[in-house]
>>> print(open('model-v8.cif').read())   # mmCIF, C-alpha atoms
data_upload
#
loop_
_atom_site.label_atom_id
_atom_site.label_comp_id
_atom_site.auth_asym_id
_atom_site.auth_seq_id
_atom_site.Cartn_x
_atom_site.Cartn_y
_atom_site.Cartn_z
CA MET A 1 54.41 116.76 189.73
CA PRO A 2 53.50 120.30 188.60
CA GLY A 3 51.91 122.22 191.47
CA THR A 4 49.08 123.34 189.19
CA MET A 5 47.78 119.74 189.07
CA LEU A 6 46.71 120.08 192.69
CA GLU A 7 45.52 123.67 192.54
CA GLY A 8 42.10 124.23 194.02
CA LEU A 9 42.25 121.08 196.13
CA ARG A 10 42.73 120.52 199.82
CA PHE A 11 43.68 117.23 201.42
CA LEU A 12 42.46 115.47 204.49
CA THR A 13 43.14 112.15 206.12
CA ARG A 14 40.20 110.26 207.57
CA GLY A 15 40.81 106.78 208.87
CA LYS A 16 42.70 104.83 206.25
CA THR A 17 42.02 107.20 203.36
CA VAL A 18 43.55 110.44 202.13
CA TRP A 19 40.96 112.50 200.26
CA ALA A 20 41.32 115.36 197.79
CA ILE A 21 38.42 117.78 197.95
CA ALA A 22 37.64 120.99 196.09
CA ASP A 23 38.79 123.93 198.19
CA VAL A 24 35.49 125.80 198.06
CA ALA A 25 34.82 128.41 200.74
CA GLY A 26 33.02 126.75 203.63
CA VAL A 27 34.17 123.22 202.91
CA GLN A 28 35.65 122.74 206.37
CA GLU A 29 32.42 123.87 208.06
CA THR A 30 30.45 121.48 205.86
CA LEU A 31 32.71 118.57 206.70
CA THR A 32 32.30 119.35 210.38
CA ALA A 33 28.55 119.79 210.20
CA PHE A 34 27.69 116.34 208.89
CA LYS A 35 28.62 112.71 209.31
CA VAL A 36 30.51 112.27 206.06
CA GLU A 37 30.72 109.02 204.08
CA ALA A 38 33.05 110.38 201.40
CA ALA A 39 34.80 113.73 201.01
CA GLY A 40 35.78 114.37 197.41
CA LEU A 41 38.02 111.87 195.68
CA PRO A 42 40.03 109.17 197.49
CA LEU A 43 43.71 109.61 196.65
CA LEU A 44 45.43 107.07 198.87
CA ARG A 45 44.29 104.10 200.95
CA LYS A 46 46.31 102.40 203.64
CA ARG A 47 46.89 98.70 202.95
CA GLY A 48 49.01 96.66 205.31
CA GLY A 49 50.90 99.68 206.57
CA HIS A 50 51.52 101.11 203.09
CA TRP A 51 49.74 103.91 201.24
CA LYS A 52 48.24 102.65 197.99
CA PRO A 53 47.31 105.18 195.30
CA THR A 54 43.75 104.70 194.08
CA THR A 55 42.91 104.16 190.44
CA ALA A 56 40.70 107.27 190.69
CA ALA A 57 43.74 109.30 191.77
CA LEU A 58 45.91 107.95 188.94
CA LEU A 59 43.22 108.84 186.40
CA LEU A 60 42.86 112.31 187.92
CA LEU A 61 46.61 112.94 187.86
CA GLU A 62 47.27 111.10 184.58
CA ASP A 63 49.21 113.93 182.93
CA ALA A 64 51.68 114.10 185.82
CA ILE A 65 52.56 110.39 185.90
CA VAL A 66 56.01 109.86 184.40
CA LYS A 67 57.58 107.15 186.53
CA ASN A 68 56.78 103.57 187.55
CA VAL A 69 54.40 103.00 184.67
CA VAL A 70 53.81 99.60 183.07
CA GLU A 71 52.49 99.61 179.52
CA LEU A 72 50.14 96.67 178.91
CA SER A 73 50.06 94.97 175.54
CA PRO A 74 46.65 94.09 174.02
CA ALA A 75 47.29 90.39 174.70
CA ARG A 76 47.84 91.04 178.40
CA LEU A 77 44.88 93.32 179.02
CA ASP A 78 42.20 90.68 179.56
CA PRO A 79 44.30 88.41 181.80
CA PHE A 80 45.17 91.49 183.86
CA LEU A 81 41.50 92.50 184.12
CA HIS A 82 40.62 88.92 185.12
CA GLY A 83 42.98 89.18 188.06
CA GLN A 84 45.79 86.98 186.76
CA VAL A 85 49.28 87.82 187.96
CA LEU A 86 51.30 88.86 184.92
CA PRO A 87 54.86 87.54 185.03
CA GLY A 88 57.65 90.08 184.59
CA PRO A 89 60.16 91.40 184.20
CA PHE A 90 58.91 94.98 184.43
CA LEU A 91 61.21 97.99 184.35
CA THR A 92 59.69 99.65 187.38
CA ASP A 93 60.32 99.74 191.09
CA ARG A 94 58.62 97.10 193.23
CA GLY A 95 55.43 98.31 194.87
CA TYR A 96 52.41 100.14 193.55
CA VAL A 97 52.68 101.22 189.93
CA ALA A 98 50.49 102.82 187.30
CA VAL A 99 49.29 100.72 184.40
CA ARG A 100 48.86 102.27 180.99
CA TYR A 101 47.02 100.82 178.01
CA GLU A 102 46.97 102.27 174.51
CA GLY A 103 48.87 105.29 175.80
CA LYS A 104 46.37 106.17 178.53
CA ILE A 105 46.40 105.42 182.23
CA LEU A 106 44.17 102.53 183.25
CA GLY A 107 44.80 102.44 186.99
CA CYS A 108 46.82 100.95 189.78
CA ALA A 109 48.66 97.62 190.03
CA LEU A 110 51.01 95.99 192.51
CA HIS A 111 54.42 94.99 191.17
CA GLY A 112 55.53 92.18 193.43
CA GLU A 113 57.93 89.28 193.27
CA ALA A 114 55.48 87.09 191.37
CA GLY A 115 54.60 89.75 188.84
CA LEU A 116 52.00 92.39 188.26
CA ARG A 117 48.61 92.16 189.97
CA SER A 118 45.62 94.41 189.30
CA GLN A 119 44.51 96.82 192.01
CA LEU A 120 41.66 98.18 189.88
CA PRO A 121 38.27 98.68 191.59
CA ARG A 122 36.29 95.47 191.30
CA ALA A 123 33.01 97.22 190.42
CA TRP A 124 34.64 99.10 187.56
CA VAL A 125 36.22 95.94 186.20
CA ASP A 126 32.92 94.07 186.50
CA ALA A 127 31.18 96.77 184.44
CA LEU A 128 33.96 96.68 181.87
CA MET A 129 33.94 92.90 181.60
CA SER A 130 30.15 92.59 181.38
CA GLY A 131 30.23 93.09 177.64
CA ARG A 132 33.69 91.91 176.78
CA PRO A 133 34.51 88.48 175.37
CA GLN A 134 36.56 86.31 177.70
CA ARG A 135 40.02 85.97 176.22
CA GLY A 136 43.24 84.39 177.33
CA GLU A 137 46.72 85.81 177.20
CA ASP A 138 47.72 83.68 174.20
CA GLU A 139 45.05 84.97 171.85
CA MET B 1 -1.78 99.12 176.04
CA VAL B 2 -0.34 99.50 179.52
CA PRO B 3 -3.48 99.77 181.73
CA ALA B 4 -1.85 102.13 184.20
CA PHE B 5 -1.54 104.78 181.52
CA GLU B 6 -5.23 104.86 180.59
CA ARG B 7 -5.97 107.34 183.37
CA TYR B 8 -3.71 109.86 181.66
CA ARG B 9 -5.70 109.93 178.42
CA ASP B 10 -7.02 113.43 179.11
CA ILE B 11 -3.79 115.01 180.31
CA ILE B 12 -1.13 113.71 177.95
CA PRO B 13 -1.22 115.58 174.65
CA ASP B 14 -1.51 113.37 171.56
CA PHE B 15 -2.20 110.36 173.74
CA SER B 16 -2.13 107.82 170.89
CA SER B 17 1.41 108.89 169.95
CA PHE B 18 2.38 108.58 173.60
CA LEU B 19 1.09 105.01 173.71
CA LYS B 20 3.05 104.15 170.58
CA ALA B 21 6.21 105.73 172.00
CA VAL B 22 6.15 103.69 175.19
CA GLU B 23 6.08 100.53 173.09
CA ILE B 24 9.39 101.47 171.46
CA ARG B 25 12.71 100.86 173.12
CA PRO B 26 14.39 104.19 173.83
CA PRO B 27 17.91 104.98 172.67
CA THR B 28 20.80 105.03 175.11
CA HIS B 29 22.01 108.50 175.98
CA ILE B 30 25.38 109.27 177.44
CA ARG B 31 27.00 112.45 178.71
CA ALA B 32 30.61 113.27 177.93
CA ASN B 33 32.51 114.04 181.11
CA THR B 34 33.94 117.41 180.16
CA LEU B 35 36.05 117.38 183.31
CA ARG B 36 38.08 114.72 181.49
CA VAL B 37 37.62 115.32 177.78
CA GLU B 38 36.08 117.90 175.47
CA SER B 39 32.86 116.80 173.81
CA ASP B 40 34.23 116.94 170.24
CA LYS B 41 37.36 115.02 171.12
CA PHE B 42 35.26 112.50 173.01
CA ARG B 43 32.99 111.85 170.07
CA GLN B 44 35.97 111.43 167.78
CA ALA B 45 37.69 109.04 170.19
CA MET B 46 34.54 106.95 170.50
CA ALA B 47 34.17 106.82 166.71
CA GLU B 48 37.77 105.59 166.42
CA GLN B 49 36.89 102.74 168.78
CA GLY B 50 33.91 101.83 166.60
CA TYR B 51 31.24 103.47 168.75
CA PRO B 52 29.30 105.89 166.55
CA LEU B 53 27.53 108.59 168.56
CA ALA B 54 24.94 111.08 167.38
CA PRO B 55 25.09 114.53 168.98
CA VAL B 56 22.11 115.94 170.85
CA THR B 57 22.09 119.50 169.56
CA GLU B 58 20.25 120.91 172.58
CA ILE B 59 22.82 119.66 175.14
CA PRO B 60 26.43 119.89 173.89
CA GLU B 61 27.79 117.11 176.11
CA ALA B 62 24.92 114.69 175.41
CA PHE B 63 25.07 111.99 172.77
CA ARG B 64 22.71 109.30 171.50
CA TRP B 65 24.13 105.80 171.17
CA GLU B 66 21.96 103.50 169.09
CA SER B 67 21.89 99.73 169.43
CA VAL B 68 24.33 99.40 172.28
CA GLU B 69 23.83 96.55 174.73
CA ASN B 70 26.45 97.34 177.38
CA PRO B 71 27.30 101.04 177.28
CA GLY B 72 29.33 100.67 180.47
CA SER B 73 31.68 98.02 179.11
CA THR B 74 34.23 100.21 177.34
CA LEU B 75 37.64 101.41 178.43
CA GLU B 76 36.43 104.97 177.86
CA TYR B 77 33.68 104.44 180.44
CA PHE B 78 36.19 102.84 182.81
CA ARG B 79 38.41 105.90 182.43
CA GLY B 80 35.51 108.19 183.30
CA TRP B 81 35.11 109.80 179.92
CA TYR B 82 31.35 109.50 180.01
CA GLN B 83 28.34 108.65 182.11
CA VAL B 84 25.27 106.75 180.95
CA GLN B 85 22.27 108.94 181.70
CA GLY B 86 18.79 109.40 180.28
CA LEU B 87 18.45 112.59 178.31
CA THR B 88 15.60 113.96 180.42
CA SER B 89 17.47 112.93 183.56
CA MET B 90 20.17 115.45 182.62
CA LEU B 91 17.71 118.33 182.75
CA PRO B 92 17.26 118.85 186.53
CA ALA B 93 20.96 119.61 186.97
CA LEU B 94 20.90 122.01 184.01
CA ILE B 95 17.74 123.71 185.29
CA LEU B 96 19.21 124.16 188.78
CA ASP B 97 21.71 126.55 187.12
CA ALA B 98 24.30 126.13 189.90
CA GLN B 99 27.29 128.46 190.07
CA ALA B 100 30.90 127.99 191.17
CA GLY B 101 31.40 128.66 194.86
CA GLU B 102 27.83 127.80 195.85
CA HIS B 103 26.77 125.19 198.38
CA LEU B 104 24.38 122.70 196.82
CA LEU B 105 22.40 119.79 198.23
CA ASP B 106 21.16 116.78 196.30
CA LEU B 107 18.83 115.35 198.91
CA CYS B 108 18.11 111.95 197.30
CA ALA B 109 21.26 111.71 195.22
CA ALA B 110 22.00 108.04 194.57
CA PRO B 111 22.94 106.58 192.15
CA GLY B 112 24.48 109.95 191.37
CA GLY B 113 23.81 110.85 187.74
CA LYS B 114 22.47 114.28 188.62
CA ALA B 115 24.97 115.06 191.39
CA THR B 116 27.95 114.17 189.19
CA TYR B 117 26.49 116.27 186.38
CA LEU B 118 26.20 119.20 188.81
CA ALA B 119 29.88 118.75 189.63
CA GLN B 120 30.70 118.72 185.94
CA LEU B 121 28.62 121.81 185.17
CA THR B 122 30.29 123.74 187.99
CA ARG B 123 33.76 122.46 186.98
CA ASN B 124 34.29 120.93 190.44
CA GLN B 125 34.11 124.45 191.89
CA ALA B 126 30.85 124.27 193.83
CA LEU B 127 30.41 122.22 196.98
CA ILE B 128 27.82 119.50 196.52
CA VAL B 129 26.44 117.51 199.42
CA ALA B 130 25.09 114.34 197.84
CA ASN B 131 22.83 112.58 200.33
CA ASP B 132 20.97 109.31 200.19
CA VAL B 133 19.61 106.93 202.78
CA SER B 134 20.57 103.72 200.98
CA HIS B 135 24.00 102.35 201.79
CA ARG B 136 24.01 100.18 198.67
CA ARG B 137 23.02 103.02 196.35
CA ILE B 138 25.56 105.34 197.97
CA GLY B 139 28.21 102.79 197.01
CA ILE B 140 27.16 103.16 193.38
CA LEU B 141 27.21 106.95 193.68
CA ARG B 142 30.72 106.92 195.11
CA SER B 143 31.92 104.57 192.41
CA HIS B 144 30.59 106.89 189.66
CA SER B 145 31.95 109.98 191.39
CA ASP B 146 35.45 108.48 191.73
CA ARG B 147 35.47 107.17 188.17
CA LEU B 148 34.43 110.55 186.79
CA GLY B 149 37.13 112.39 188.75
CA ILE B 150 34.75 114.40 190.92
CA THR B 151 36.42 116.26 193.78
CA SER B 152 33.54 118.53 194.81
CA ILE B 153 31.04 116.00 196.21
CA ILE B 154 30.64 115.25 199.89
CA VAL B 155 28.55 112.12 200.45
CA THR B 156 26.24 111.80 203.44
CA ARG B 157 23.73 109.12 204.44
CA TYR B 158 20.70 110.55 206.19
CA ARG B 159 16.99 110.05 205.70
CA GLY B 160 16.16 112.97 203.43
CA GLN B 161 13.20 114.08 205.54
CA SER B 162 15.43 114.39 208.60
CA PHE B 163 18.62 115.71 207.02
CA PRO B 164 20.32 117.80 209.77
CA MET B 165 19.40 121.47 209.79
CA ARG B 166 22.96 122.61 210.41
CA MET B 167 23.40 124.82 207.36
CA ARG B 168 21.36 126.34 204.55
CA PHE B 169 22.03 125.71 200.90
CA ALA B 170 21.90 128.09 197.94
CA ARG B 171 20.31 125.46 195.70
CA ILE B 172 18.76 122.08 196.28
CA LEU B 173 17.97 119.29 193.87
CA LEU B 174 15.18 117.01 195.03
CA ASP B 175 14.53 113.90 192.97
CA PRO B 176 12.62 111.81 195.51
CA PRO B 177 11.65 108.15 195.28
CA CYS B 178 8.75 107.88 192.84
CA SER B 179 6.70 105.28 191.02
CA ALA B 180 9.05 105.65 188.04
CA GLU B 181 6.34 105.24 185.43
CA GLY B 182 8.38 107.38 183.07
CA THR B 183 11.00 104.68 182.84
CA TYR B 184 8.47 102.27 181.38
CA ARG B 185 9.40 101.72 177.75
CA VAL B 186 9.53 98.43 175.97
CA GLY B 187 12.34 96.30 177.33
CA ALA B 188 12.19 98.17 180.61
CA ARG B 189 10.22 97.61 183.77
CA THR B 190 6.46 97.61 184.31
CA PRO B 191 4.96 100.71 185.92
CA LEU B 192 3.96 100.46 189.53
CA THR B 193 0.98 102.76 189.57
CA GLU B 194 -1.65 100.34 188.41
CA ASP B 195 -2.55 100.63 192.07
CA PRO B 196 -2.97 104.39 192.68
CA GLU B 197 -2.39 103.74 196.39
CA VAL B 198 1.30 103.34 195.54
CA SER B 199 1.41 106.92 194.29
CA ARG B 200 -0.49 108.15 197.33
CA ARG B 201 1.96 106.46 199.70
CA LEU B 202 4.88 107.92 197.80
CA GLN B 203 3.16 111.30 197.85
CA ARG B 204 3.35 111.43 201.63
CA LEU B 205 7.11 110.83 201.54
CA GLN B 206 7.56 113.32 198.71
CA GLN B 207 5.64 115.99 200.64
CA MET B 208 7.83 115.44 203.70
CA LEU B 209 10.94 115.69 201.54
CA VAL B 210 9.91 118.88 199.77
CA THR B 211 8.84 120.48 203.07
CA HIS B 212 12.16 119.62 204.66
CA GLY B 213 14.09 120.58 201.53
CA LEU B 214 12.61 124.07 201.62
CA LYS B 215 13.65 124.44 205.26
CA LEU B 216 17.22 123.58 204.23
CA LEU B 217 17.16 126.24 201.52
CA ARG B 218 18.42 129.79 202.01
CA PRO B 219 15.83 132.54 201.56
CA GLY B 220 15.77 133.39 197.87
CA GLY B 221 17.30 130.01 197.05
CA THR B 222 16.21 127.61 194.31
CA LEU B 223 14.88 124.07 194.67
CA VAL B 224 14.40 121.90 191.60
CA TYR B 225 11.88 119.10 192.13
CA SER B 226 11.90 116.26 189.63
CA THR B 227 10.43 112.81 189.25
CA CYS B 228 10.37 110.22 186.50
CA THR B 229 6.64 109.63 186.81
CA TYR B 230 3.54 110.97 185.10
CA ALA B 231 1.40 110.58 188.24
CA PRO B 232 -0.04 113.99 189.22
CA GLU B 233 -0.30 112.67 192.80
CA GLU B 234 3.51 112.67 192.92
CA ASN B 235 4.03 115.89 191.02
CA GLU B 236 1.56 118.78 190.98
CA ALA B 237 -0.30 117.48 194.04
CA VAL B 238 2.96 117.42 196.03
CA LEU B 239 3.83 121.00 195.13
CA HIS B 240 0.31 122.47 195.32
CA PRO B 241 0.21 123.00 199.12
CA VAL B 242 3.75 124.37 199.11
CA VAL B 243 2.82 127.07 196.62
CA GLU B 244 -0.69 127.63 198.03
CA GLU B 245 0.75 128.29 201.51
CA GLY B 246 3.42 130.66 200.16
CA ARG B 247 6.34 128.49 201.21
CA ALA B 248 7.74 128.73 197.67
CA GLU B 249 6.81 130.05 194.28
CA LEU B 250 7.09 128.36 190.91
CA ILE B 251 9.45 130.06 188.52
CA PRO B 252 9.61 129.51 184.77
CA ILE B 253 11.93 126.91 183.32
CA GLU B 254 13.97 127.42 180.22
CA THR B 255 14.68 124.09 178.61
CA PRO B 256 15.66 123.34 175.03
CA LEU B 257 13.68 120.09 174.87
CA PRO B 258 9.99 119.94 173.89
CA HIS B 259 7.62 119.51 176.80
CA ALA B 260 4.09 120.08 178.06
CA PRO B 261 3.16 122.44 180.90
CA GLY B 262 2.32 121.30 184.41
CA LEU B 263 -1.32 120.55 185.20
CA GLU B 264 -3.75 123.06 186.70
CA SER B 265 -6.29 120.37 187.53
CA TRP B 266 -6.58 116.59 187.75
CA ASN B 267 -9.41 114.25 188.62
CA GLY B 268 -11.53 117.04 190.06
CA HIS B 269 -8.63 118.58 192.04
CA GLN B 270 -7.61 122.14 191.26
CA PHE B 271 -3.94 122.98 191.56
CA HIS B 272 -2.38 126.41 192.04
CA PRO B 273 -2.40 128.07 188.60
CA SER B 274 1.35 128.69 188.72
CA LEU B 275 1.90 124.93 188.49
CA LYS B 276 1.54 125.32 184.75
CA LEU B 277 5.11 126.68 184.95
CA ALA B 278 6.29 123.16 185.75
CA THR B 279 7.32 120.95 182.85
CA ARG B 280 6.22 117.49 181.76
CA PHE B 281 8.38 115.49 179.39
CA TYR B 282 6.79 112.68 177.42
CA PRO B 283 8.55 110.01 175.32
CA HIS B 284 6.68 110.94 172.13
CA LEU B 285 7.97 114.54 172.48
CA VAL B 286 11.49 113.67 173.65
CA ASN B 287 12.71 110.15 172.88
CA SER B 288 13.83 109.40 176.42
CA TRP B 289 12.26 108.75 179.81
CA GLY B 290 9.12 110.52 180.99
CA PHE B 291 9.91 113.26 183.50
CA PHE B 292 8.37 116.03 185.58
CA ILE B 293 10.45 119.04 186.59
CA ALA B 294 9.50 122.12 188.60
CA ARG B 295 11.68 124.99 189.74
CA LEU B 296 10.79 126.65 193.01
CA ARG B 297 12.08 129.75 194.71
CA LYS B 298 11.93 130.25 198.45
CA PRO B 299 10.73 133.75 199.34
CA GLY B 300 13.62 136.07 200.25
#
>>> encode(input="model-v8.cif", output="structure tokens")
Amino acid sequence: MPGTMLEGLRFLTRGKTVWAIADVAGVQETLTAFKVEAAGLPLLRKRGGHWKPTTAALLLLEDAIVKNVVELSPARLDPFLHGQVLPGPFLTDRGYVAVRYEGKILGCALHGEAGLRSQLPRAWVDALMSGRPQRGEDE
Amino acid sequence: MVPAFERYRDIIPDFSSFLKAVEIRPPTHIRANTLRVESDKFRQAMAEQGYPLAPVTEIPEAFRWESVENPGSTLEYFRGWYQVQGLTSMLPALILDAQAGEHLLDLCAAPGGKATYLAQLTRNQALIVANDVSHRRIGILRSHSDRLGITSIIVTRYRGQSFPMRMRFARILLDPPCSAEGTYRVGARTPLTEDPEVSRRLQRLQQMLVTHGLKLLRPGGTLVYSTCTYAPEENEAVLHPVVEEGRAELIPIETPLPHAPGLESWNGHQFHPSLKLATRFYPHLVNSWGFFIARLRKPG
């Protein structure tokens, strides 16, 4: 990843989240002064002993993502959004991968033995689906 | 006619046009997230997806989207290319005129439209403390902030009137809970102020918030106070004692959208004459939500 992608950011681990926050003068004092609910953008979250990249991080770092990317076809988008496990094979490593649709990053998925499962934030998917027709994979 | 609005007959210019405007459904406005995509490219990309947008000439990143039912149900929204936000609701962040490197506080920030716009305007290079007391609404704020790729917001959850006095901020945005009359347009909610006691109760909270907000402000700093209500009890009457007692002074606002000045009197009450420097936005002047915005400076 080009170093410039992360310029101007500092990173901190709090609990089960790694955050990226703008490196503005005084940020450390501010973080110390208050009880903080969120500090910038969540990059990684710990799930079952593994660090999972967030969809927000993949969107932020979109231009630097060149490996472990699954391109979704139009027919597979809605089943994926509905939480169905998409059967493979996929030419990526097992584990967390980036999903791309129409040439642009959509977010995070887990490539497991059974296939590809969405790791997209539920609230974002709910907003997206609220006005979309329900469609199956065969259509 | 909406009965609650009758009491504004003498203060809203061209009152009959106002009444007609509130009976018309307002257009949806959205703001291109220029942290992700340039405004021109955004508009073109939306057009290619079959979403025609009309530019708002006064605000380069703002667009009008006619006849859309679910503006949040597109992949472009999912990817954080835009935020749905009322046109007048964009103004407080613009008027605050925040600069890179500054420490900013949005005291009642959720659901986050203004705080995320501040982050956009400062290119993620100011530090924004976005505070709200509501856990549920903070969840919405965080979701928007993450989706839009904001790295400069720190979220806290304190009661605004008792936000810890551990540091002073260069600029503060205060958009307190209000009766939200300005969001009454056809198809939207009913106004709450048919009982003026509601406004008076809110006024007490708003006065506590503005008093505390000024204490959190550095000397010479700027506080922008905004509400989406027409009620003078929640606007000029909240700011009158602050200005009268010399705790802050009103400073002029430059805004590209048509508006009326703040009130100097209401219902037999005289307000400090400088309150005319505040701005009132009405739906027959700007086809969006009704809004009140004042810019205050704390003495240096």
>>> interface_residues(input="model-v8.cif", of="chain A", to="chain B", cutoff="10 Å", atoms="all atoms listed in the file", output="PDB file with C-alpha atoms, keeping the file's coordinate frame")
ATOM      1  CA  GLY A   8      42.100 124.230 194.020  1.00  0.00           C
ATOM      2  CA  LEU A   9      42.250 121.080 196.130  1.00  0.00           C
ATOM      3  CA  ARG A  10      42.730 120.520 199.820  1.00  0.00           C
ATOM      4  CA  TRP A  19      40.960 112.500 200.260  1.00  0.00           C
ATOM      5  CA  ALA A  20      41.320 115.360 197.790  1.00  0.00           C
ATOM      6  CA  ILE A  21      38.420 117.780 197.950  1.00  0.00           C
ATOM      7  CA  ALA A  22      37.640 120.990 196.090  1.00  0.00           C
ATOM      8  CA  ASP A  23      38.790 123.930 198.190  1.00  0.00           C
ATOM      9  CA  VAL A  24      35.490 125.800 198.060  1.00  0.00           C
ATOM     10  CA  ALA A  25      34.820 128.410 200.740  1.00  0.00           C
ATOM     11  CA  GLY A  26      33.020 126.750 203.630  1.00  0.00           C
ATOM     12  CA  VAL A  27      34.170 123.220 202.910  1.00  0.00           C
ATOM     13  CA  GLU A  29      32.420 123.870 208.060  1.00  0.00           C
ATOM     14  CA  THR A  30      30.450 121.480 205.860  1.00  0.00           C
ATOM     15  CA  LEU A  31      32.710 118.570 206.700  1.00  0.00           C
ATOM     16  CA  THR A  32      32.300 119.350 210.380  1.00  0.00           C
ATOM     17  CA  ALA A  33      28.550 119.790 210.200  1.00  0.00           C
ATOM     18  CA  PHE A  34      27.690 116.340 208.890  1.00  0.00           C
ATOM     19  CA  LYS A  35      28.620 112.710 209.310  1.00  0.00           C
ATOM     20  CA  VAL A  36      30.510 112.270 206.060  1.00  0.00           C
ATOM     21  CA  GLU A  37      30.720 109.020 204.080  1.00  0.00           C
ATOM     22  CA  ALA A  38      33.050 110.380 201.400  1.00  0.00           C
ATOM     23  CA  ALA A  39      34.800 113.730 201.010  1.00  0.00           C
ATOM     24  CA  GLY A  40      35.780 114.370 197.410  1.00  0.00           C
ATOM     25  CA  LEU A  41      38.020 111.870 195.680  1.00  0.00           C
ATOM     26  CA  PRO A  42      40.030 109.170 197.490  1.00  0.00           C
ATOM     27  CA  LEU A  43      43.710 109.610 196.650  1.00  0.00           C
ATOM     28  CA  THR A  54      43.750 104.700 194.080  1.00  0.00           C
ATOM     29  CA  THR A  55      42.910 104.160 190.440  1.00  0.00           C
ATOM     30  CA  ALA A  56      40.700 107.270 190.690  1.00  0.00           C
ATOM     31  CA  ALA A  57      43.740 109.300 191.770  1.00  0.00           C
ATOM     32  CA  LEU A  58      45.910 107.950 188.940  1.00  0.00           C
ATOM     33  CA  LEU A  59      43.220 108.840 186.400  1.00  0.00           C
ATOM     34  CA  LEU A  60      42.860 112.310 187.920  1.00  0.00           C
ATOM     35  CA  LEU A  61      46.610 112.940 187.860  1.00  0.00           C
ATOM     36  CA  TYR A 101      47.020 100.820 178.010  1.00  0.00           C
ATOM     37  CA  LYS A 104      46.370 106.170 178.530  1.00  0.00           C
ATOM     38  CA  ILE A 105      46.400 105.420 182.230  1.00  0.00           C
ATOM     39  CA  LEU A 106      44.170 102.530 183.250  1.00  0.00           C
ATOM     40  CA  GLY A 107      44.800 102.440 186.990  1.00  0.00           C
ATOM     41  CA  PRO A 121      38.270  98.680 191.590  1.00  0.00           C
ATOM     42  CA  ALA A 123      33.010  97.220 190.420  1.00  0.00           C
ATOM     43  CA  TRP A 124      34.640  99.100 187.560  1.00  0.00           C
ATOM     44  CA  VAL A 125      36.220  95.940 186.200  1.00  0.00           C
ATOM     45  CA  ASP A 126      32.920  94.070 186.500  1.00  0.00           C
ATOM     46  CA  ALA A 127      31.180  96.770 184.440  1.00  0.00           C
ATOM     47  CA  LEU A 128      33.960  96.680 181.870  1.00  0.00           C
ATOM     48  CA  MET A 129      33.940  92.900 181.600  1.00  0.00           C
ATOM     49  CA  SER A 130      30.150  92.590 181.380  1.00  0.00           C
ATOM     50  CA  GLY A 131      30.230  93.090 177.640  1.00  0.00           C
ATOM     51  CA  ARG A 132      33.690  91.910 176.780  1.00  0.00           C
TER      52      ARG A 132
END
>>> resolve_selection(input="model-v8.cif", expression="the PyMOL selection byres ((chain A and resi 80-87) around 7)", output="list in words")
Arg76, Leu77, Asp78, Pro79, Gly88, Pro89, Ala114, Gly115, Leu116, Arg117, Ser118 and Val125 of chain A
>>> resolve_selection(input="model-v8.cif", expression="the PyMOL selection byres ((chain B and resi 117) around 10)", output="short mmCIF file (atom, residue, chain, number, x, y, z; two decimals) with C-alpha atoms, keeping the file's coordinate frame")
data_model
loop_
_atom_site.label_atom_id
_atom_site.label_comp_id
_atom_site.auth_asym_id
_atom_site.auth_seq_id
_atom_site.Cartn_x
_atom_site.Cartn_y
_atom_site.Cartn_z
CA ARG B 31 27.00 112.45 178.71
CA ALA B 32 30.61 113.27 177.93
CA ASN B 33 32.51 114.04 181.11
CA THR B 34 33.94 117.41 180.16
CA GLN B 83 28.34 108.65 182.11
CA GLN B 85 22.27 108.94 181.70
CA MET B 90 20.17 115.45 182.62
CA LEU B 91 17.71 118.33 182.75
CA PRO B 92 17.26 118.85 186.53
CA ALA B 93 20.96 119.61 186.97
CA LEU B 94 20.90 122.01 184.01
CA GLY B 112 24.48 109.95 191.37
CA GLY B 113 23.81 110.85 187.74
CA LYS B 114 22.47 114.28 188.62
CA ALA B 115 24.97 115.06 191.39
CA THR B 116 27.95 114.17 189.19
CA LEU B 118 26.20 119.20 188.81
CA ALA B 119 29.88 118.75 189.63
CA GLN B 120 30.70 118.72 185.94
CA LEU B 121 28.62 121.81 185.17
CA THR B 122 30.29 123.74 187.99
CA ARG B 123 33.76 122.46 186.98
CA ASN B 124 34.29 120.93 190.44
CA SER B 145 31.95 109.98 191.39
CA LEU B 148 34.43 110.55 186.79
CA ILE B 150 34.75 114.40 190.92
#
>>> resolve_selection(input="model-v8.cif", expression="the PyMOL selection byres ((chain B and resi 12) around 12)", output="JSON, numbers by chain")
{"B": [5, 6, 7, 8, 9, 10, 11, 13, 14, 15, 16, 17, 18, 19, 230, 231, 232, 259, 260, 261, 262, 263, 266, 280, 281, 282, 283, 284, 285, 290]}
>>> atom_distance(input="model-v8.cif", atom1="CA of Cys228 (chain B)", atom2="CA of Leu214 (chain B)")
20.6 Å
>>> atom_distance(input="model-v8.cif", atom1="CA of Gly15 (chain A)", atom2="CA of Leu44 (chain A)")
11.0 Å
>>> atom_distance(input="model-v8.cif", atom1="CA of Pro52 (chain B)", atom2="CA of Ala21 (chain B)")
23.7 Å
>>> residues_around(input="model-v8.cif", residues="region 271-273 of chain B", least_positions_apart="2", cutoff="10 Å", atoms="all atoms listed in the file", output="PyMOL selection string")
chain B and resi 236-244+250+262-266+268-269+275-277
>>> closest_residue(input="model-v8.cif", among="A:Asn68, A:Phe11, A:Ser73, A:Val18", to="Arg94 (chain A)", atoms="all atoms listed in the file")
A:Asn68
>>> closest_residue(input="model-v8.cif", among="B:Val84, B:Ala248, B:Leu296, B:Ala47", to="Arg171 (chain B)", atoms="only C-alpha atoms")
B:Leu296
